[in-house]
Every structure is written in C-alpha cells, then in structure tokens.
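Asker: Below you will find the structure I want to go over with you.
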Amino acid sequence: MPAAIEIDNLRVVLGRREILRGISCRLGVSGGKAIGLLGPNGAGKSTLIQTLLGFHQPRSGSARIFGFDCHRQARAVRSRIGYMPESDSFIANLTAVSFLRLMGELSGLPSGTALEKAHEVLFHVGLGEARYRTLGTYSLGMKQMAKLAQAIVHGPDLVILDEPTNGLDPSARLRMLKLVKEMKEDHGMSVVLCSHLLRDVEEVCDEVVIMKDGLIVHQSNLEEERRSNRRFVELEVSGDDSALGKHLAAMGAETVSEGGGRWRIVLPPELEMAALWQATAQLNLGVRKLTHRRDSLEEIFLKAVGHLQAAPVEPPRIEPLPAEEVSPHGHL
Amino acid sequence: MKGTEVIFEDVSKFYGEVLGVNKVTLHIPPGITSLVGPNGSGKTTLMNLMTGLIHPGRGSITVLGLSPRDPEQLMRVTGYATQFDSAPRWATGMEFVSTGLTLYGYSPTEARDRAWQALEQVGLTEAAGRKVAGYSKGMRQRVRLAQAIAHDPQVLVLDEPLNGLDPLVRAETISLFRRYAAEGRHVILSSHVLQEVDLISDQVILIANGMIVAEGEIRGVRDEMSEHPSQFIIRCRDASRIASLLFCEDHVTEIKMNDDRLGLLVLTRNREEFSRALTRIALAGHVIDGVIPSDESVDALYEYLIGGGRA
Amino acid sequence: MAIYKRGYERYRGPLNGHWSRLLVLPRFAWQRLFQQRLVLVLMIASLIWPLLCGLFIYLSNRLDLLPRIPGDIENMLKINGKFFLIFMNTQAVFSVLLAALAGPGLIAPDLSNNALPLYFSRPLTRLDYVVARMTTLVGLLSLVTWLPGLLLFWMQSGMAGWDWFTKYWYLGVAVFCGFAVWILVVSLVALACSAYVKWRIVAGGLVLGFFFILTGVAQMVNAVLRVDWGSLLNPTRSMYILWSAMLGEEPPPGPGVWACVAMLTAMAVILGLILERKLRAVEVIS
C-alpha cells in the first residue's frame, strides 16, 4: 500500500522566491494515522498544503498522495482528500444541511446519499440541533465544526486540517480533538494536522514533521518515542525541598529544579523508582506528582527549529523560467 | 491614595437585551491574570469596561485608583490589544505604532523611538517598514501588541494575545509578560489554551454566562472547592493490591481500575493524607511508577465549574 | 429485542464523474432561484411577449380570420426579419432584467465568506466553476430568449409551409446564434458584477447600469466627437447591428458588422479575464 503522502525533492517557487527548497519525506505509511505538521510562520507549511491540493506546480521534484501526482492528477487527488482551511470559510445564506449537501455532491456523492450523509455528519460533529439554521447565524465554534463536517462528508482517505482548534473555547477544543481521534481510529482516515498548539499535536498525532525555512528539519514517530524512555522523570513535592537536589545527585541522578517544588530528574540506569520514594520520605516531603516523560514535543520543536538559527539563509531569488521549460525532473 | 488593584464593584452591563456581564465584583492584584471562559461569556465586555471603552449600567470600576470616566488619565496607564484585526492595512508597522503614540502627546521623534523599542520587544523590527497588509496573521497579532505596550502602560489588557503565534514567538511573548509582571504591572489576558494559562498565570478568573464563577490563584481556588474530591491517577504494577490498601484509608472515596490493570484513578478528600499514604505504600515495597493529579489544573477547574457539552 | 448501533459511517461507495458534478452547482442555483417569487414573476412576464408574437404569427397565416380592414394588411402582418428583430430586442430587455435579478446571488455569496477554497479543494477547477455558474444563467436566459424564438420560428414554418422555410431558414439560425452571443455577454457581465460587488442589490443595479450607462456614454461620444464609432461602446447597439445583419435586414447607420463582432468579442474576453482574476482560491503573497 503506497504511503499516504510521498514527497520527493519538492521545490516550489512563488513569485520570485523559492518557498519549498527541496523536501523529501514519506508520511502515513500505514493507514489511519495522524501526522502533525509544525513550524514557525513562514516555514512553508501553507505552501506545502496548497501544493498537496494541487494549486501550485512544483519547480522540480514531485508530491504524490496515494500514488497520484498532486499537480498533474489533481482531480484524482482531490476526490480522495478533504480539506479544512484555517480561515473562515462558509456560505452564509445556506442552511447547514444544504451546505453539506452541496459540498458532498460536488465531491461526487450521489444526491440521495449526499442528503443522508449531510444529516449524519452534522449529528456526528454535534451540530444536530442547529442543522436547519443558516450558517450565517452560527457561532465561531459551530462554523469550525461545519468546516470539519464538509471535509469528511464524502468519506475521504486523507483529511488536511489547518488549525482546527483556532478560536475554540476549551470544551469545543476537546470535542474537536476527540472527533479527530475518532476519524483516524474508528474510520481509518489519515489526518494531516497543521497547528501551532503543540499540545493538540501531542494529543492526537502519531508522526510529526517540523519545517523551517522551506525545509524539513525534523521528522519523528511520536508513538515510538512514547514507548521508549523511562528514565526521565518529572517530580513535584510539597514541603521543604531544598536538600532534594543534593540528595538525588548523591544517588547518581541529574536534577533540574523548576521552582515551586517541581523537579526534572534523569535517573541513572541502575536506579529504581523505589529510591525516589525513599529519598522523598527521608526528607519528609509529600509527593504530589510523579510522571515519566519523554522529550516533550515542545523541546523537540525548539531544538529542531533552533538548530538552523545559527546559519540564517535568505531564500534565494529565482528568475521565473520561460513557460516551455517548466517540467519536473524525471521521477518514476 | 493611589490603589494598586483593578477593582470592579457590583458591575453590570447589558447591551439592550443582550447580556454583557451581570453583577461582577473583582479585585485584581498586579501580576499575570488570565480570564478564562467560553465564547460569549463576557470576557471582552470586562476588558472594554476596564479600559473605559464602555461604561457599566450599574456599579463602579476603579483602575489603579483611577476611574474609567476620566479617560485622559486612564488611557495613559492602560494598554489594550483587542482580538479583532484592526491594524489599518495601508500603514506600515512603524507608522501604526508611532502614530498612536503621538496621540499620547509624545513628540514625533520620541514617538518613533518608543515605537521602535516596542517593535523590538515583539520582534517585528525587520518588518517594521512593510505595510500591515503584507503581514501574516501572527505578525498582525504582534503589531497590535506593540501598540499596546508602546506607551509603557501599568495595566496591560490583552484579548487572546497568543492566538496564531507559532511556539517560538509564544515563548518570547510569554517572557515579555513575565517581565512586566515582575515589574509590578498588571497583565490581564484572556486565553482558551488552558495549559498555558496554568503555566503562566498568577491569578485566574473564570467567567461564564456573564458571571464570575471563580477567581484567585489556581491552587487556592481548587482548595476551596470542597464538594469535589481530588483526583489522582496512579501508575503501578500491582493495582488490585494497592487499591485494597488505599480503600482502607478513610479519605479515599472512589477508586477506578484502568483497563490494563496497571493504573488506578483515585478520588480522595484529603490530598496531604493521600500523599502520605502513597509514600507508606511505596516504602512497603509496592512499585508506584507514576502519580498524576488529574484535576489541579485550570482544565479541571474549567470542567467542574463551567463544564463542556456546549453546541 | 435488537439494538441497532447506528451512527456516522464513513462513505466508501462510488463517486460521480466530472460532468454530473459540473451540473451540481446549476441544479442548486436553479432550485433556489425558482423559489424566489420575483424571479418567477419576471419569467412569466418575459413570456408574455412571445405569447403575443405567437398570436400574431397565427393571425398572419390565417388572414381569413380577420375582419375586412382597409389597408395593406398582408404586408403589415408579414413575418420576416423585422418581426424577429423586434422580438429579439424585447426579449433582450427581459433577459437583462432577469440577469440583474439572478446574477448577483451566484458568485457574491461564495466570495463574501471565502468559500472558494472549499470548492477548489474538490475536483473542480476555476474553469469548471465559471462554466457551472455560466450554465446557471445561460439556462435561465435561454428559457426567455432563443427557446421561445425557435418555437415561434418553428410555428411559423409549420403554418407557412415549406416554401417559406426554404426562403427564410436563415432567420432560425440568426435567432439562435444572435441570442447565443447576447446571452454570453449578459451572463459574463452579471457574473463579473457578482464577483466584484458583495451586495446583491448594488450588483443588480450595476448590471442594469452597465447596459444603460454604456448607451449614454456611446451617445455622448458620438455627439461630442461627431463620429459614429462611439456606438461600438454600447453593447446593445452593437448587438442590434449584428442581429440586423444576421436577420437580413438593413443595418442601421453606424459601425459595420465586423467591427461590432470584434468589439463584442473583446468585451467578452475582458470580462472573462476580470472574472478569472477575482476567483483565485489562494492569495499568493510574493
């Protein structure tokens, strides 16, 4: 089964600037996975998404979704994917049901099915009661849900979500994330989640791709990272913890105090958790919190992005090629 | 005597029939205070009231001893960055900030200097000469922040200031807020990202349906909520044995076992006793891998006091 | 007892092809349009004149039904190019009114809330979108222009016989082609106005204004500069000249037929480009 997204040395030039400077990756190799797309503003995430949707022709290299070329076989690609844009997108004078029926039929659903699915998906995202009201009367959270609904109404294999929790209050954010998890786990869709909120990505995604300045600076599989790494510990204690650092150091552990009773500890391989409990008991400290942590996504992100900060590169100015010469390099 | 707090005294504001806020009483000390609540709960109304943009139908507001009915004085000490994209598209970043400053009475040169400093603090010096129309969403957010801090206000009121910022810029902006708070200023911001609110705020105000649901330091608020027992998640190997030991403690009200039998969800009425009980159990030889208080965060507070399931 | 757990299930069935998908937008638009009372009323009003023309044709072929009236009746009731010219002019006015009513609601709602990315992330190109919107208007306007026109022509041929048909066959072709060009221009104008102006009433007014104002401008140019090519700026005038030529009638004084054709083509192209410009799904900030 081909990987969901295969990008090979992709270069995209817009205007006079090269935005994507040669990206290669394979994402979503087994279906039903969520891929987080992160990066500072200006990294090229939007351009990448637009290229995947077929809006830009690559200067060289290729991008393929489910084996179809994104630009040359755009129709085939677009009929298999759903897209939830970041910005406000709706048609104000249509009811939710009409809107979804329209979107469903435009994606190719037969009209009877489109009507059924419109209702089903509206209930699924929690807009059941409001589905006969026009979209112009919806609140921001409801419009976001409607945007999500139109992205999945035709049962695509891959869904691209651009900042789905933008502006949502906490309850709505939880509902949105729950829906995304259901999409990949229960319905087997692959999801590309583009977000600035690392917490959302941590909660939902299995793989992570970090971009900066038009290049991919980090790609990792969060699932694997979650399974490994039992040696990092976060501890929070109540009581006078001033002596804890020295005590633990004497046992061979590295410690960093965050203040307020919070500590980050790296245990040496031979040290067991029981030793920690003994240490806190000896110092008469109560344990409020004790967790294992892998490198949190925030640290991975900062490391990956800071990595290139030493050598900032101005994107090279490219002269536009004359029309006949534009063709991707021979690939496959 | 000049006060050091932002005080709301029984304030109500209705827009015709539409509810803004209803009988709000608040005392906000210096430091970072977060306003948390669902959309439409009255956060923006509170901010507009604080900065004197609107006046309450009932009650009174005092900001550092000044009344919002005295805008000349009040506007000097407050800086406000709204959530709406209101920076004029045709101006450059520098023009936007420095023009605003001249309204405060600064000379053009001083306005430019201060504007430059503000833009430096938000990291927009490179783009200062470009028109706002060409800014990305995050940059527009930052230029609004710059114009709010340019005149060095004592009270900074910010409506969702971190919206649309990438993680690097978020971290920088948060350290900006921390600096302000350390100098004794007020930083009052609203946010939906509860995890951040948890990390950065000194105080939190929860608002729903136009009424204040809770205010104060997060731990303090939690401690006051006696009708909800505290929840802890325990990761351990011998779950059933540990559960039976915990049941013997009389402060434990409920224990749920995880499906994988490697974890427990424990509800207890007394956190200190629970902590001591855990230590005893661990020292007796049972392996306890993790202890996670699952409700000492603003997330949990929000869940308890405001709840979810809204359409 | 049986418990059915039915919730949202992901659709995995077959998808429609390109052409049926293209018809989706027109179908939805027609449905909404015909729910509007004003549109219905205008449609019916537009069909009154063809009805009267039908009566006229009937009478002209059955002169025996008329009472004896002094004068050259036969010549007055003759069905020829002039008859169809009058017909086309009247229907043209109605078609502009209909376009002004129906056009603005087609593109403006999509643009005002940025719905285009939702369209273009589906298997739909910009050209597909414009074609679909054009089809809506073209279908609607056809109902009041060449369809009744051809019906009248067919009725006349039937009643007047084969000889008349062999002599005047070009009238049928002219009605169809003449209206086709007209519908194309009017639709493009309506769509362009809809794309640039968000308020439907203003857009409608703009469509009407396009034709009336240009008439005035053309006349001004003619009068001030004492020329007659000013009429080229007036699409209604150019069309009139074109139709006269096609229907075999004497074209009115003014620019020649080919000049008119060229001008109309240029207008259509410019309008098309304007439309294309406005329909970008993606803001490219370079």
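In the structure tokens, each chain is lettered A, B, ... as it comes, each chain's residues begin at 1, and ligands are numbered from 1 in order of appearance.
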Write out, as JSON lines, each residue of chain B that has an atom at most 12 Å from chain C, together with the closest pair of atoms and their distance in Å to one decimal, counting only C-alpha atoms, rows going by chain and rising number.
Answerer:
{"residue": "B:Ala133", "atom": "CA", "partner": "C:Ile285", "partner_atom": "CA", "distance": 10.1}
{"residue": "B:Gly134", "atom": "CA", "partner": "C:Ile285", "partner_atom": "CA", "distance": 7.3}
{"residue": "B:Tyr135", "atom": "CA", "partner": "C:Ile285", "partner_atom": "CA", "distance": 9.5}
{"residue": "B:Ser136", "atom": "CA", "partner": "C:Ile285", "partner_atom": "CA", "distance": 9.6}
Asker: Store the residues picked out above in a file with N, CA and C atoms, as a short mmCIF file (atom, residue, chain, number, x, y, z; two decimals), in the first residue's frame.
Answerer:
data_model
loop_
_atom_site.label_atom_id
_atom_site.label_comp_id
_atom_site.auth_asym_id
_atom_site.auth_seq_id
_atom_site.Cartn_x
_atom_site.Cartn_y
_atom_site.Cartn_z
N ALA B 133 -0.76 45.27 5.45
CA ALA B 133 -1.48 44.39 4.53
C ALA B 133 -0.67 43.16 4.17
N GLY B 134 0.66 43.28 4.21
CA GLY B 134 1.50 42.15 3.85
C GLY B 134 1.90 41.29 5.02
N TYR B 135 1.40 41.59 6.20
CA TYR B 135 1.78 40.82 7.37
C TYR B 135 1.00 39.53 7.45
N SER B 136 1.66 38.51 8.02
CA SER B 136 0.93 37.28 8.28
C SER B 136 0.08 37.47 9.54
#
Asker: Which residues in stretch 6-255 of chain A does DSSP call strand (DSSP E)? List them as an MDAnalysis selection string.
Answerer: chainID A and resid 6:14 17:27 34:38 60:65 68:69 81:84 158:162 190:194 207:212 215:221 232:238 254:255
Asker: With only C-alpha atoms as the atoms that count, which of A:Val13, A:Ile7, A:Ile81, A:Val153 lies nearest to A:Ser62?
Answerer: A:Ile7
Asker: Tell me which protein, DNA and RNA residues are within 9 Å of C:Leu264, counting only C-alpha atoms, leaving out same-chain ones fewer than 6 positions away, and put them as a CSV table (one decimal) with N, CA and C atoms, in the first residue's frame.
Answerer:
chain,number,residue,atom,x,y,z
C,181,VAL,N,-24.9,34.7,-28.6
C,181,VAL,CA,-23.9,35.7,-28.4
C,181,VAL,C,-24.4,36.7,-27.3
C,185,VAL,N,-22.7,37.4,-23.5
C,185,VAL,CA,-22.2,38.7,-23.0
C,185,VAL,C,-23.0,39.1,-21.7
C,232,LEU,N,-19.9,51.7,-30.8
C,232,LEU,CA,-19.2,50.4,-30.6
C,232,LEU,C,-19.2,50.2,-29.1
C,235,PRO,N,-22.9,47.9,-26.0
C,235,PRO,CA,-23.1,46.5,-26.5
C,235,PRO,C,-24.5,46.3,-27.0
C,238,SER,N,-24.4,47.5,-30.6
C,238,SER,CA,-23.6,46.6,-31.4
C,238,SER,C,-24.4,45.3,-31.7
C,239,MET,N,-25.1,44.9,-30.7
C,239,MET,CA,-25.8,43.6,-30.8
C,239,MET,C,-26.9,43.9,-31.9
Asker: When you look at A:His187 with a cut-off of 8 Å (counting only C-alpha atoms), what residues show up, excluding the ones that are within fewer than 5 positions of it in the same chain? I need them as an mmCIF file with N, CA and C atoms, in the first residue's frame.
Answerer:
data_model
loop_
_atom_site.group_PDB
_atom_site.id
_atom_site.type_symbol
_atom_site.label_atom_id
_atom_site.label_comp_id
_atom_site.auth_asym_id
_atom_site.auth_seq_id
_atom_site.Cartn_x
_atom_site.Cartn_y
_atom_site.Cartn_z
ATOM 1 N N GLY A 32 -4.649 5.302 8.579
ATOM 2 C CA GLY A 32 -5.274 5.632 9.845
ATOM 3 C C GLY A 32 -4.323 6.247 10.842
ATOM 4 N N GLU A 182 -11.274 10.106 16.576
ATOM 5 C CA GLU A 182 -12.215 9.117 16.033
ATOM 6 C C GLU A 182 -12.015 8.936 14.547
ATOM 7 N N GLU C 9 -21.228 6.684 9.564
ATOM 8 C CA GLU C 9 -20.337 5.717 8.931
ATOM 9 C C GLU C 9 -19.678 6.385 7.753
ATOM 10 N N ARG C 10 -18.432 6.116 7.616
ATOM 11 C CA ARG C 10 -17.704 6.772 6.546
ATOM 12 C C ARG C 10 -18.160 6.231 5.189
#
Asker: Residues of chain A within 7 Å of chain B, counting only C-alpha atoms, what are they? List them as a VMD selection string.
Answerer: chain A and resid 40 to 41 126 to 127 169 to 171 196 273 to 274 277 to 278 281 286 to 291
Asker: One decimal, in Å: what's the spacing between atom CA of C:Asn16 and atom CA of A:Leu115?
Answerer: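 Taking atom CA of C:Asn16 and atom CA of A:Leu115, their separation equals 14.7 Å.
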Asker: Please, which residues of chain C lie no more than 12 Å from chain A when the count uses only C-alpha atoms, and can they be set out as a PDB file with C-alpha atoms, in the first residue's frame?
Answerer:
ATOM      1  CA  ARG C   6     -26.179   3.442  14.023  1.00  0.00           C
ATOM      2  CA  GLY C   7     -24.051   6.493  13.890  1.00  0.00           C
ATOM      3  CA  TYR C   8     -21.897   8.166  11.356  1.00  0.00           C
ATOM      4  CA  GLU C   9     -20.337   5.717   8.931  1.00  0.00           C
ATOM      5  CA  ARG C  10     -17.704   6.772   6.546  1.00  0.00           C
ATOM      6  CA  TYR C  11     -18.821   6.729   2.933  1.00  0.00           C
ATOM      7  CA  ARG C  12     -16.888   4.258   0.862  1.00  0.00           C
ATOM      8  CA  GLY C  13     -19.065   3.971  -2.203  1.00  0.00           C
ATOM      9  CA  PRO C  14     -18.583   5.135  -5.784  1.00  0.00           C
ATOM     10  CA  LEU C  15     -18.254   8.789  -6.688  1.00  0.00           C
ATOM     11  CA  ASN C  16     -19.892  10.635  -9.564  1.00  0.00           C
ATOM     12  CA  GLY C  17     -17.945  11.612 -12.642  1.00  0.00           C
ATOM     13  CA  HIS C  18     -16.900  15.024 -13.837  1.00  0.00           C
ATOM     14  CA  TRP C  19     -19.935  16.017 -15.886  1.00  0.00           C
ATOM     15  CA  SER C  20     -22.598  15.149 -13.352  1.00  0.00           C
ATOM     16  CA  ARG C  21     -20.574  17.007 -10.783  1.00  0.00           C
ATOM     17  CA  LEU C  22     -20.499  20.075 -13.002  1.00  0.00           C
ATOM     18  CA  LEU C  23     -24.273  20.143 -13.025  1.00  0.00           C
ATOM     19  CA  VAL C  24     -24.473  20.229  -9.235  1.00  0.00           C
ATOM     20  CA  LEU C  25     -23.930  23.958  -8.931  1.00  0.00           C
ATOM     21  CA  PRO C  26     -26.517  24.892 -11.591  1.00  0.00           C
ATOM     22  CA  ARG C  27     -29.057  22.497 -10.111  1.00  0.00           C
ATOM     23  CA  PHE C  28     -28.718  24.030  -6.661  1.00  0.00           C
ATOM     24  CA  ALA C  29     -28.817  27.538  -8.086  1.00  0.00           C
ATOM     25  CA  GLN C  31     -33.670  25.378  -7.231  1.00  0.00           C
ATOM     26  CA  ARG C  32     -33.009  28.436  -5.138  1.00  0.00           C
ATOM     27  CA  GLY C 105     -26.652  35.809  -5.970  1.00  0.00           C
ATOM     28  CA  LEU C 106     -24.395  33.433  -7.843  1.00  0.00           C
ATOM     29  CA  ILE C 107     -20.845  34.385  -7.046  1.00  0.00           C
ATOM     30  CA  ALA C 108     -21.068  37.053  -4.331  1.00  0.00           C
ATOM     31  CA  PRO C 109     -22.105  34.623  -1.541  1.00  0.00           C
ATOM     32  CA  ASP C 110     -19.121  32.420  -2.348  1.00  0.00           C
ATOM     33  CA  LEU C 111     -16.700  35.305  -2.195  1.00  0.00           C
ATOM     34  CA  SER C 112     -18.038  37.184   0.788  1.00  0.00           C
ATOM     35  CA  ASN C 113     -17.189  34.418   3.195  1.00  0.00           C
ATOM     36  CA  ASN C 114     -14.244  32.918   1.455  1.00  0.00           C
ATOM     37  CA  ALA C 115     -15.897  29.691   0.376  1.00  0.00           C
ATOM     38  CA  LEU C 116     -13.698  29.283  -2.696  1.00  0.00           C
ATOM     39  CA  PRO C 117     -11.028  27.132  -1.018  1.00  0.00           C
ATOM     40  CA  LEU C 118     -13.815  24.718  -0.145  1.00  0.00           C
ATOM     41  CA  TYR C 119     -14.789  24.461  -3.824  1.00  0.00           C
ATOM     42  CA  PHE C 120     -11.305  24.227  -5.200  1.00  0.00           C
ATOM     43  CA  SER C 121     -10.145  21.592  -2.746  1.00  0.00           C
ATOM     44  CA  ARG C 122     -12.652  19.384  -4.527  1.00  0.00           C
ATOM     45  CA  PRO C 123     -12.162  18.066  -8.054  1.00  0.00           C
ATOM     46  CA  LEU C 124     -13.243  21.413  -9.506  1.00  0.00           C
ATOM     47  CA  THR C 125     -11.037  23.808 -11.422  1.00  0.00           C
ATOM     48  CA  ARG C 126     -11.623  27.524 -11.732  1.00  0.00           C
ATOM     49  CA  ASP C 128     -15.271  24.340 -14.084  1.00  0.00           C
ATOM     50  CA  TYR C 129     -16.626  26.768 -11.538  1.00  0.00           C
ATOM     51  CA  ALA C 132     -21.053  25.925 -13.935  1.00  0.00           C
ATOM     52  CA  ARG C 280      -8.252  32.897  -7.074  1.00  0.00           C
ATOM     53  CA  ALA C 281      -8.569  30.352  -4.281  1.00  0.00           C
ATOM     54  CA  VAL C 282      -5.244  31.219  -2.936  1.00  0.00           C
ATOM     55  CA  GLU C 283      -3.687  34.510  -2.001  1.00  0.00           C
ATOM     56  CA  VAL C 284      -0.139  34.480  -3.271  1.00  0.00           C
ATOM     57  CA  ILE C 285       1.963  36.888  -1.238  1.00  0.00           C
ATOM     58  CA  SER C 286       5.239  37.268  -3.033  1.00  0.00           C
TER      59      SER C 286
END
Asker: So how many Å separate atom CA of A:Gly239 and atom CA of A:Leu285, to one decimal?
Answerer: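 So the answer is 5.2 Å.
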Asker: Taking only stretch 210-241 of chain C into account, list the residues labelled alpha helix (DSSP H) by DSSP (computed from the backbone), as a count of residues only.
Answerer: 23
Asker: Using only C-alpha atoms, find the one residue out of A:Met142, A:Leu235, A:Leu248, A:Gly44 that sits nearest to A:His292.
Answerer: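 Checking each of A:Met142, A:Leu235, A:Leu248, A:Gly44 against A:His292, counting only C-alpha atoms, the winner is A:Leu235.
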